[in-house]
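Coordinates from my_file_23.txt are shown below (compact mmCIF, C-alpha atoms (C1' of nucleotides)).
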```
# COMPACT_ATOMS: atom_id res chain seq x y z
CA MET A 1010 105.10 -33.87 143.04
CA GLN A 1011 102.30 -32.60 145.24
CA LEU A 1012 98.88 -32.44 143.69
CA THR A 1013 97.51 -28.92 143.88
CA ARG A 1014 94.66 -26.96 142.34
CA GLU A 1015 97.25 -24.94 140.44
CA ARG A 1016 98.69 -28.00 138.78
CA ILE A 1017 95.26 -29.38 137.98
CA VAL A 1018 94.18 -26.13 136.33
CA THR A 1019 97.44 -25.97 134.38
CA ALA A 1020 96.94 -29.52 133.15
CA ALA A 1021 93.38 -28.72 132.09
CA ILE A 1022 94.53 -25.64 130.19
CA GLY A 1023 97.23 -27.60 128.43
CA LEU A 1024 94.72 -30.24 127.46
CA ILE A 1025 92.27 -27.69 126.10
CA GLU A 1026 94.95 -25.93 124.06
CA ARG A 1027 96.27 -29.18 122.65
CA GLU A 1028 93.04 -31.03 121.94
CA GLY A 1029 90.15 -28.63 122.40
CA ALA A 1030 87.61 -28.06 125.13
CA GLU A 1031 85.64 -31.19 124.37
CA ALA A 1032 88.71 -33.32 125.14
CA VAL A 1033 88.72 -32.26 128.77
CA SER A 1034 87.53 -34.92 131.15
CA MET A 1035 88.40 -35.49 134.75
CA ARG A 1036 89.88 -38.82 133.77
CA ARG A 1037 92.07 -37.29 131.06
CA VAL A 1038 93.33 -34.61 133.42
CA ALA A 1039 94.09 -37.25 136.04
CA THR A 1040 96.15 -39.44 133.74
CA GLU A 1041 97.88 -36.26 132.52
CA LEU A 1042 98.97 -35.73 136.11
CA GLY A 1043 99.65 -39.38 136.81
CA CYS A 1044 97.12 -39.73 139.58
CA GLY A 1045 93.78 -41.39 140.13
CA VAL A 1046 90.66 -39.59 138.95
CA MET A 1047 89.28 -39.19 142.39
CA SER A 1048 92.38 -37.47 143.69
CA LEU A 1049 91.35 -34.41 141.72
CA TYR A 1050 88.26 -34.04 143.85
CA ASN A 1051 90.42 -33.26 146.86
CA HIS A 1052 91.35 -29.95 145.23
CA VAL A 1053 88.47 -29.18 142.92
CA PRO A 1054 84.79 -29.72 143.74
CA SER A 1055 83.61 -30.59 140.23
CA LYS A 1056 84.41 -30.43 136.57
CA SER A 1057 82.30 -27.30 136.22
CA ALA A 1058 84.28 -25.64 138.99
CA LEU A 1059 87.52 -26.71 137.33
CA LEU A 1060 86.47 -24.93 134.16
CA ASP A 1061 85.60 -21.87 136.23
CA PHE A 1062 89.16 -21.89 137.55
CA VAL A 1063 90.44 -22.21 134.00
CA ALA A 1064 88.35 -19.17 133.07
CA GLU A 1065 89.75 -17.27 136.03
CA ARG A 1066 93.33 -18.01 135.07
CA VAL A 1067 92.75 -16.96 131.48
CA MET A 1068 90.99 -13.75 132.45
CA SER A 1069 93.68 -12.81 134.93
CA ALA A 1070 96.20 -13.04 132.10
CA ILE A 1071 94.83 -9.84 130.60
CA GLU A 1072 97.65 -7.34 130.76
CA PHE A 1073 97.24 -3.60 130.91
CA SER A 1074 99.99 -1.18 130.17
CA PRO A 1075 98.26 2.11 130.98
CA VAL A 1076 99.86 4.74 128.79
CA PRO A 1077 100.13 7.95 130.86
CA GLY A 1078 99.10 10.70 128.48
CA ALA A 1079 96.76 8.69 126.29
CA SER A 1080 93.49 10.09 124.99
CA LEU A 1081 90.19 8.47 125.88
CA ALA A 1082 90.01 6.86 122.45
CA ASP A 1083 93.53 5.50 122.71
CA GLU A 1084 92.95 4.12 126.18
CA VAL A 1085 89.71 2.45 125.15
CA ARG A 1086 91.35 0.91 122.12
CA ALA A 1087 94.29 -0.30 124.20
CA GLN A 1088 92.06 -1.98 126.77
CA ALA A 1089 89.90 -3.64 124.14
CA ARG A 1090 92.98 -4.98 122.39
CA ALA A 1091 94.43 -6.21 125.67
CA PHE A 1092 91.24 -8.16 126.25
CA ARG A 1093 91.37 -9.68 122.82
CA ALA A 1094 95.06 -10.46 123.19
CA ILE A 1095 94.36 -13.36 125.53
CA THR A 1096 93.29 -15.17 122.39
CA ARG A 1097 96.93 -15.15 121.39
CA SER A 1098 98.10 -16.87 124.59
CA TYR A 1099 95.09 -19.15 125.05
CA PRO A 1100 93.36 -19.53 121.70
CA ARG A 1101 91.07 -22.35 122.71
CA CYS A 1102 90.71 -21.62 126.42
CA THR A 1103 89.39 -18.18 125.56
CA MET A 1104 86.15 -19.73 124.42
CA VAL A 1105 85.53 -21.56 127.67
CA ALA A 1106 86.51 -18.43 129.60
CA VAL A 1107 84.22 -16.18 127.63
CA SER A 1108 81.23 -18.48 127.82
CA ARG A 1109 81.05 -18.78 131.57
CA PRO A 1110 80.26 -15.91 133.91
CA THR A 1111 83.32 -14.81 135.80
CA THR A 1112 82.72 -14.23 139.49
CA SER A 1113 86.36 -14.19 140.50
CA VAL A 1114 88.13 -11.21 141.99
CA THR A 1115 90.86 -11.01 139.38
CA GLY A 1116 88.18 -11.24 136.71
CA MET A 1117 86.83 -7.92 137.90
CA LEU A 1118 90.06 -6.04 137.39
CA PRO A 1119 89.53 -5.20 133.72
CA MET A 1120 86.08 -3.91 134.63
CA GLU A 1121 87.53 -1.68 137.35
CA HIS A 1122 90.11 -0.33 134.97
CA ALA A 1123 87.62 0.39 132.22
CA LEU A 1124 85.16 2.12 134.53
CA ALA A 1125 87.92 4.32 135.93
CA THR A 1126 88.97 5.38 132.44
CA LEU A 1127 85.44 6.29 131.43
CA ARG A 1128 84.63 8.13 134.63
CA ALA A 1129 87.85 10.11 134.31
CA ALA A 1130 86.70 11.09 130.82
CA GLY A 1131 83.55 12.63 132.27
CA PHE A 1132 80.98 9.88 131.85
CA SER A 1133 78.50 9.20 134.61
CA GLY A 1134 78.54 5.88 136.45
CA VAL A 1135 75.47 4.63 134.63
CA GLU A 1136 76.89 5.62 131.25
CA ALA A 1137 80.23 4.04 132.06
CA VAL A 1138 78.61 0.71 132.90
CA HIS A 1139 76.57 0.77 129.70
CA ILE A 1140 79.61 1.58 127.61
CA VAL A 1141 81.74 -1.16 129.14
CA ARG A 1142 78.97 -3.67 128.56
CA ALA A 1143 78.67 -2.65 124.92
CA PHE A 1144 82.40 -3.05 124.40
CA VAL A 1145 82.53 -6.38 126.20
CA ALA A 1146 79.63 -7.66 124.11
CA TYR A 1147 81.42 -6.61 120.96
CA ILE A 1148 84.77 -8.10 122.00
CA VAL A 1149 83.27 -11.38 123.17
CA GLY A 1150 81.19 -11.66 120.02
CA SER A 1151 84.30 -11.02 117.94
CA LEU A 1152 86.26 -13.70 119.76
CA LEU A 1153 83.44 -16.18 119.30
CA ARG A 1154 83.32 -15.51 115.58
CA GLU A 1155 87.09 -15.57 115.30
CA MET A 1156 87.42 -18.94 117.01
CA GLY A 1157 84.37 -20.04 115.09
CA VAL A 1158 83.76 -23.00 117.30
CA SER A 1159 81.51 -23.94 120.10
CA PRO A 1160 83.33 -24.28 123.41
CA GLY A 1161 81.58 -27.56 124.05
CA LEU A 1162 81.38 -29.48 120.85
CA ALA A 1163 83.37 -29.13 117.68
CA PRO A 1164 81.29 -28.77 114.54
CA ASP A 1165 81.49 -31.41 111.88
CA GLY A 1166 84.10 -30.67 109.29
CA SER A 1167 81.47 -31.65 106.74
CA ALA A 1168 82.03 -29.09 104.01
CA HIS A 1169 78.57 -29.41 102.49
CA ARG A 1170 78.40 -25.83 101.33
CA PRO A 1171 75.17 -26.05 99.37
CA ALA A 1172 75.80 -23.54 96.56
CA LEU A 1173 73.62 -20.49 96.91
CA ASP A 1174 71.20 -19.35 94.24
CA PRO A 1175 72.53 -16.01 92.89
CA ALA A 1176 68.97 -14.88 92.17
CA GLU A 1177 67.93 -15.34 95.77
CA PHE A 1178 71.24 -14.21 97.28
CA PRO A 1179 72.63 -11.55 94.95
CA GLN A 1180 74.64 -9.70 97.59
CA VAL A 1181 76.09 -12.78 99.26
CA THR A 1182 77.17 -14.32 95.98
CA ALA A 1183 78.57 -11.03 94.70
CA LEU A 1184 80.55 -10.52 97.89
CA ALA A 1185 81.46 -14.18 98.37
CA GLY A 1186 85.16 -13.41 98.09
CA GLU A 1187 84.97 -10.77 100.78
CA LEU A 1188 82.77 -12.94 103.00
CA LEU A 1189 85.15 -15.89 102.82
CA ARG A 1190 88.27 -13.82 103.37
CA LYS A 1191 89.52 -14.22 106.89
CA ASP A 1192 91.17 -11.25 108.52
CA PRO A 1193 90.14 -11.24 112.18
CA ASP A 1194 92.43 -8.35 113.05
CA ALA A 1195 90.96 -6.07 110.40
CA ASP A 1196 87.42 -7.09 111.33
CA PHE A 1197 88.05 -6.43 114.98
CA GLU A 1198 89.68 -3.07 114.39
CA PHE A 1199 86.85 -1.92 112.17
CA GLY A 1200 84.15 -2.51 114.78
CA LEU A 1201 86.39 -1.20 117.54
CA GLU A 1202 86.80 2.01 115.59
CA LEU A 1203 83.03 2.30 115.14
CA LEU A 1204 82.43 1.97 118.87
CA THR A 1205 85.31 4.20 119.86
CA ARG A 1206 84.13 7.03 117.64
CA ALA A 1207 80.60 6.58 118.92
CA ILE A 1208 81.61 7.10 122.53
CA GLU A 1209 83.82 10.01 121.58
CA ALA A 1210 80.76 11.63 120.04
CA LEU A 1211 78.81 10.79 123.18
CA ARG A 1212 81.34 12.28 125.56
CA PRO A 1213 80.11 15.19 127.66
CA ALA A 1214 81.51 18.52 126.55
CA ARG A 1215 82.95 19.39 129.94
CA VAL A 1216 86.35 17.74 129.71
CA SER A 1217 87.96 17.57 133.10
CA MET B 65 54.29 -41.91 113.75
CA GLN B 66 57.08 -41.90 111.20
CA LEU B 67 60.50 -40.94 112.47
CA THR B 68 61.87 -38.00 110.52
CA ARG B 69 64.70 -35.53 110.85
CA GLU B 70 62.11 -32.83 111.47
CA ARG B 71 60.66 -34.65 114.45
CA ILE B 72 64.10 -35.41 115.84
CA VAL B 73 65.17 -31.77 115.63
CA THR B 74 61.90 -30.68 117.24
CA ALA B 75 62.42 -33.12 120.08
CA ALA B 76 65.98 -31.87 120.60
CA ILE B 77 64.81 -28.25 120.68
CA GLY B 78 62.12 -29.08 123.20
CA LEU B 79 64.64 -30.88 125.36
CA ILE B 80 67.08 -27.97 125.25
CA GLU B 81 64.39 -25.44 126.14
CA ARG B 82 63.08 -27.54 128.99
CA GLU B 83 66.32 -28.77 130.53
CA GLY B 84 69.20 -26.91 128.93
CA ALA B 85 71.73 -27.78 126.27
CA GLU B 86 73.70 -30.11 128.51
CA ALA B 87 70.65 -32.35 128.91
CA VAL B 88 70.65 -33.26 125.24
CA SER B 89 71.85 -36.75 124.54
CA MET B 90 70.99 -39.06 121.70
CA ARG B 91 69.52 -41.43 124.22
CA ARG B 92 67.33 -38.78 125.80
CA VAL B 93 66.06 -37.64 122.41
CA ALA B 94 65.31 -41.25 121.47
CA THR B 95 63.25 -41.98 124.58
CA GLU B 96 61.52 -38.66 124.02
CA LEU B 97 60.42 -40.01 120.65
CA GLY B 98 59.76 -43.51 121.88
CA CYS B 99 62.30 -45.19 119.67
CA GLY B 100 65.66 -46.88 120.03
CA VAL B 101 68.75 -44.73 120.15
CA MET B 102 70.15 -46.09 116.95
CA SER B 103 67.03 -45.29 114.97
CA LEU B 104 68.05 -41.64 115.14
CA TYR B 105 71.15 -42.38 113.10
CA ASN B 106 68.99 -43.22 110.11
CA HIS B 107 68.04 -39.55 109.86
CA VAL B 108 70.91 -37.69 111.46
CA PRO B 109 74.59 -38.55 111.02
CA SER B 110 75.78 -37.54 114.50
CA LYS B 111 74.96 -35.56 117.58
CA SER B 112 77.05 -32.67 116.33
CA ALA B 113 75.07 -32.63 113.08
CA LEU B 114 71.82 -32.75 115.05
CA LEU B 115 72.88 -29.60 116.90
CA ASP B 116 73.72 -28.01 113.56
CA PHE B 117 70.17 -28.69 112.44
CA VAL B 118 68.88 -27.19 115.66
CA ALA B 119 70.95 -24.09 114.94
CA GLU B 120 69.57 -23.94 111.42
CA ARG B 121 65.98 -24.12 112.63
CA VAL B 122 66.55 -21.40 115.21
CA MET B 123 68.30 -19.10 112.75
CA SER B 124 65.61 -19.55 110.13
CA ALA B 125 63.09 -18.33 112.70
CA ILE B 126 64.45 -14.81 112.38
CA GLU B 127 61.64 -12.72 110.97
CA PHE B 128 62.03 -9.57 108.97
CA SER B 129 59.27 -7.13 108.38
CA PRO B 130 61.00 -4.68 106.02
CA VAL B 131 59.40 -1.31 106.58
CA PRO B 132 59.09 0.44 103.17
CA GLY B 133 60.12 4.02 103.85
CA ALA B 134 62.47 3.36 106.76
CA SER B 135 65.73 5.24 107.16
CA LEU B 136 69.05 3.39 107.23
CA ALA B 137 69.23 3.74 110.99
CA ASP B 138 65.71 2.40 111.45
CA GLU B 139 66.30 -0.53 109.15
CA VAL B 140 69.54 -1.45 110.86
CA ARG B 141 67.91 -1.26 114.27
CA ALA B 142 64.97 -3.36 113.08
CA GLN B 143 67.21 -6.09 111.71
CA ALA B 144 69.38 -6.20 114.80
CA ARG B 145 66.29 -6.47 117.01
CA ALA B 146 64.85 -9.19 114.79
CA PHE B 147 68.04 -11.17 115.28
CA ARG B 148 67.93 -10.75 119.01
CA ALA B 149 64.23 -11.61 119.09
CA ILE B 150 64.95 -15.30 118.52
CA THR B 151 66.02 -15.28 122.15
CA ARG B 152 62.38 -14.78 123.02
CA SER B 153 61.21 -17.87 121.12
CA TYR B 154 64.22 -20.07 121.87
CA PRO B 155 65.95 -18.71 124.96
CA ARG B 156 68.25 -21.65 125.51
CA CYS B 157 68.63 -22.86 121.93
CA THR B 158 69.93 -19.46 120.95
CA MET B 159 73.18 -20.21 122.69
CA VAL B 160 73.81 -23.43 120.81
CA ALA B 161 72.80 -21.70 117.57
CA VAL B 162 75.10 -18.77 118.13
CA SER B 163 78.10 -20.84 119.11
CA ARG B 164 78.28 -22.97 116.00
CA PRO B 165 79.05 -21.66 112.54
CA THR B 166 75.97 -21.68 110.36
CA THR B 167 76.58 -23.01 106.88
CA SER B 168 72.94 -23.52 105.99
CA VAL B 169 71.18 -21.70 103.20
CA THR B 170 68.43 -20.23 105.36
CA GLY B 171 71.12 -19.07 107.79
CA MET B 172 72.47 -16.81 105.08
CA LEU B 173 69.22 -14.93 104.58
CA PRO B 174 69.75 -12.35 107.32
CA MET B 175 73.20 -11.70 105.87
CA GLU B 176 71.75 -11.14 102.41
CA HIS B 177 69.16 -8.78 103.77
CA ALA B 178 71.65 -6.76 105.80
CA LEU B 179 74.09 -6.43 102.92
CA ALA B 180 71.33 -5.22 100.61
CA THR B 181 70.28 -2.57 103.09
CA LEU B 182 73.80 -1.27 103.50
CA ARG B 183 74.62 -1.26 99.81
CA ALA B 184 71.40 0.60 99.10
CA ALA B 185 72.54 3.18 101.62
CA GLY B 186 75.66 3.80 99.60
CA PHE B 187 78.26 1.63 101.33
CA SER B 188 80.75 -0.35 99.29
CA GLY B 189 80.70 -4.13 99.37
CA VAL B 190 83.78 -4.29 101.57
CA GLU B 191 82.37 -1.73 103.98
CA ALA B 192 79.03 -3.52 104.09
CA VAL B 193 80.66 -6.81 105.04
CA HIS B 194 82.69 -5.14 107.77
CA ILE B 195 79.65 -3.39 109.16
CA VAL B 196 77.53 -6.53 109.23
CA ARG B 197 80.31 -8.40 110.99
CA ALA B 198 80.60 -5.70 113.62
CA PHE B 199 76.87 -5.80 114.28
CA VAL B 200 76.76 -9.58 114.40
CA ALA B 201 79.65 -9.63 116.85
CA TYR B 202 77.85 -7.14 119.05
CA ILE B 203 74.52 -8.96 118.90
CA VAL B 204 76.03 -12.36 119.55
CA GLY B 205 78.10 -11.03 122.41
CA SER B 206 75.00 -9.43 123.88
CA LEU B 207 73.04 -12.67 123.66
CA LEU B 208 75.86 -14.56 125.32
CA ARG B 209 75.98 -12.11 128.19
CA GLU B 210 72.21 -12.06 128.46
CA MET B 211 71.88 -15.83 128.69
CA GLY B 212 74.94 -15.81 130.90
CA VAL B 213 75.58 -19.49 130.47
CA SER B 214 77.82 -21.71 128.49
CA PRO B 215 76.00 -23.67 125.83
CA GLY B 216 77.76 -26.82 126.92
CA LEU B 217 78.00 -26.87 130.65
CA ALA B 218 76.01 -24.97 133.22
CA PRO B 219 78.08 -23.06 135.74
CA ASP B 220 77.90 -24.00 139.37
CA GLY B 221 75.26 -22.07 141.22
CA SER B 222 77.87 -21.61 143.91
CA ALA B 223 77.26 -18.03 145.01
CA HIS B 224 80.70 -17.54 146.48
CA ARG B 225 80.86 -13.83 145.71
CA PRO B 226 84.11 -13.04 147.45
CA ALA B 227 83.49 -9.47 148.66
CA LEU B 228 85.68 -7.00 146.82
CA ASP B 229 88.09 -4.68 148.55
CA PRO B 230 86.75 -1.12 148.04
CA ALA B 231 90.30 0.24 148.08
CA GLU B 232 91.35 -1.97 145.20
CA PHE B 233 88.04 -1.77 143.34
CA PRO B 234 86.65 1.71 144.00
CA GLN B 235 84.63 1.96 140.77
CA VAL B 236 83.19 -1.53 140.89
CA THR B 237 82.11 -1.21 144.51
CA ALA B 238 80.72 2.29 143.96
CA LEU B 239 78.73 1.10 140.94
CA ALA B 240 77.81 -2.29 142.39
CA GLY B 241 74.12 -1.49 142.23
CA GLU B 242 74.31 -0.58 138.58
CA LEU B 243 76.51 -3.57 137.76
CA LEU B 244 74.13 -6.02 139.41
CA ARG B 245 71.00 -4.51 137.87
CA LYS B 246 69.76 -6.65 135.04
CA ASP B 247 68.10 -4.89 132.12
CA PRO B 248 69.15 -6.72 128.96
CA ASP B 249 66.83 -4.67 126.76
CA ALA B 250 68.30 -1.38 127.88
CA ASP B 251 71.85 -2.72 127.60
CA PHE B 252 71.22 -3.99 124.12
CA GLU B 253 69.58 -0.80 122.95
CA PHE B 254 72.41 1.32 124.28
CA GLY B 255 75.10 -0.48 122.32
CA LEU B 256 72.87 -0.76 119.28
CA GLU B 257 72.45 3.00 119.35
CA LEU B 258 76.21 3.50 119.57
CA LEU B 259 76.82 1.34 116.53
CA THR B 260 73.93 2.76 114.54
CA ARG B 261 75.11 6.31 115.05
CA ALA B 262 78.64 5.29 114.17
CA ILE B 263 77.64 3.92 110.79
CA GLU B 264 75.40 6.91 110.13
CA ALA B 265 78.46 9.10 110.64
CA LEU B 266 80.41 6.81 108.35
CA ARG B 267 77.89 6.87 105.56
CA PRO B 268 79.08 8.35 102.28
CA ALA B 269 77.65 11.77 101.56
CA ARG B 270 76.21 10.81 98.19
CA VAL B 271 72.80 9.48 99.24
CA SER B 272 71.18 7.59 96.41
C1' DA C 388 94.38 -34.59 155.42
C1' DC C 389 94.96 -36.64 151.32
C1' DC C 390 94.62 -40.42 148.18
C1' DT C 391 92.18 -44.15 145.66
C1' DG C 392 89.65 -48.41 143.48
C1' DA C 393 85.20 -50.11 142.72
C1' DA C 394 80.78 -49.10 141.42
C1' DC C 395 76.71 -46.49 139.49
C1' DA C 396 74.33 -44.28 136.12
C1' DC C 397 75.24 -42.33 132.32
C1' DC C 398 77.51 -41.01 127.29
C1' DG C 399 78.21 -41.42 121.43
C1' DT C 400 78.83 -44.58 118.04
C1' DT C 401 80.00 -49.27 115.45
C1' DC C 402 78.35 -53.35 113.96
C1' DA C 403 75.70 -57.11 112.84
C1' DA C 404 71.18 -58.69 112.72
C1' DG C 405 66.60 -58.17 111.83
C1' DT C 406 62.16 -56.55 108.89
C1' DA D 739 65.01 -48.64 103.43
C1' DC D 740 64.45 -48.38 107.97
C1' DC D 741 64.80 -50.09 112.59
C1' DT D 742 67.27 -52.04 116.64
C1' DG D 743 69.84 -54.64 120.63
C1' DA D 744 74.29 -55.69 122.15
C1' DA D 745 78.70 -54.12 122.75
C1' DC D 746 82.73 -50.88 123.12
C1' DA D 747 85.09 -47.28 124.93
C1' DC D 748 84.17 -43.68 127.25
C1' DC D 749 81.92 -40.02 130.92
C1' DG D 750 81.21 -37.43 136.21
C1' DT D 751 80.61 -38.47 140.73
C1' DT D 752 79.46 -41.25 145.30
C1' DC D 753 81.12 -44.03 148.64
C1' DA D 754 83.78 -46.70 151.48
C1' DA D 755 88.30 -47.98 152.35
C1' DG D 756 92.89 -47.06 152.86
C1' DT D 757 97.30 -44.13 154.58
```
Mind turning the file's structure into structure tokens?
Amino acid sequence: MQLTRERIVTAAIGLIEREGAEAVSMRRVATELGCGVMSLYNHVPSKSALLDFVAERVMSAIEFSPVPGASLADEVRAQARAFRAITRSYPRCTMVAVSRPTTSVTGMLPMEHALATLRAAGFSGVEAVHIVRAFVAYIVGSLLREMGVSPGLAPDGSAHRPALDPAEFPQVTALAGELLRKDPDADFEFGLELLTRAIEALRPARVS
Amino acid sequence: MQLTRERIVTAAIGLIEREGAEAVSMRRVATELGCGVMSLYNHVPSKSALLDFVAERVMSAIEFSPVPGASLADEVRAQARAFRAITRSYPRCTMVAVSRPTTSVTGMLPMEHALATLRAAGFSGVEAVHIVRAFVAYIVGSLLREMGVSPGLAPDGSAHRPALDPAEFPQVTALAGELLRKDPDADFEFGLELLTRAIEALRPARVS
DNA sequence: ACCTGAACACCGTTCAAGT
DNA sequence: ACCTGAACACCGTTCAAGT
């Protein structure tokens, strides 16, 4: 089969999902595709660029289903969840996507959508940009915590949890159960609700 | 001079700050210290562990100056800013710190502090944990956006900004100036204010 | 135009040998 | 106990040669 950028990116994504971001090498991708390493360079300028294309593909997988009569809060929540949903399709690729600046056209579509929603709700352009940035920061930070792993290098599985001193860390030890409990959905929804209510309170009175 | 873990971590931090995270290699660190590569392994089990120690050092550099009579909002803001301030001292190390889970004792100190503040303000343990997580997600996401670079691999400087179609991207093109303006402080403060107000509104009526 | 092997300058880590 | 050189199995990318 013909070697194309599409196929190369697909192979890279598969590799990342199966073995993690640190497993990706040009040589691995090449053998995956049954070609020589250098053949890749006819379709992709560098490894860094390849990962950019991976990021682009992941980001363009964000799906909006704009509900017609939705309130501002509902629309904001829906878009934030759609963003986070890519984690479901590409759990490990999400990290590489999120940690490199997207310059692609399709990567700008969520931004366009979000700005339109906020402007329609009465926010100024400057406010809209600020709000989107705050939400993106929160979502990206949530994804990073949820995946819990560096995109580049996996942390050692060394479970040398050093036993905290209850006198020095009264709160942490008291809430250890809660702190160790993993419920990414609940965590995400909690912060999302905080931000959503905050922008509702910020919304100009003059509803269009 | 004696080779110690301290010196190795310091050398790694210096290397990261000077040349970026992707420049760190055991061999580079060794030559930096004027010793053989393998000597490092007497004090550090692996490269991954070395980066964990880097993260620990960076995180433990967070400085709190607990203002006595401060309001909840002021305390929360102060702690969030203190977290973000490590970016000033370790601009590039921050990214490696933030993208690997901290299991160290000193890394738990900010958490302890934040939980204490929130509990003193009347929040339950479960609420406090949720709130801290939301703030951490926001702060980490902000840092990631601010540094704009993957911890592992630098993005290509290829400025192939592909010229958006104004018909397809009316908001983005209209707000291009605002979107390209870089003011990380203002961005951070905006979102911080959103979250702070949100938890103020959430606070239980019964003030202790 | 597309493919490719050899080669270069790198990696992290194991192992056996030194002191 | 600490250091270390050689070696192994990898990297990304250049270059010159093929078709």
- Item | Expected answer as a PyMOL selection string: chain B residues within 8 Å of chain D, only C-alpha atoms (C1' of nucleotides) | chain B and resi 100+102-103+106
- Task: Compile the residues of chain A that lie within 7 Å of chain B, evaluated using all atoms listed in the file, and express the compilation as a VMD selection string.
- Result: chain A and resid 1057 to 1058 1108 to 1110 1112 1114 1121 1124 to 1125 1134 to 1135 1138 to 1139 1143 1146 to 1147 1149 to 1151 1157 to 1159 1161 1164 to 1165 1170 1173 1178 1180 to 1181 1184 1187 to 1188 1196 1199 to 1200 1203 to 1204 1206 to 1207
- Gap from atom CA of A:Ser1080 to atom CA of A:Ser1133 - Å, one decimal: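 Distance between the two atoms: 17.8 Å.
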- Query: Which residues, written as JSON, numbers by chain, have at least one atom at most 12 Å from A:Arg1027, with all atoms listed in the file counted and residues fewer than 6 positions away on the same chain left out?
  - Reply: {"A": [1020, 1021, 1033, 1099, 1100, 1101, 1102]}
- Item | Polymer residues at most 8 Å from A:Leu1049, all atoms listed in the file, same-chain spacing of 6 or more positions, as a ChimeraX atom specification | /A:1017,1035,1039
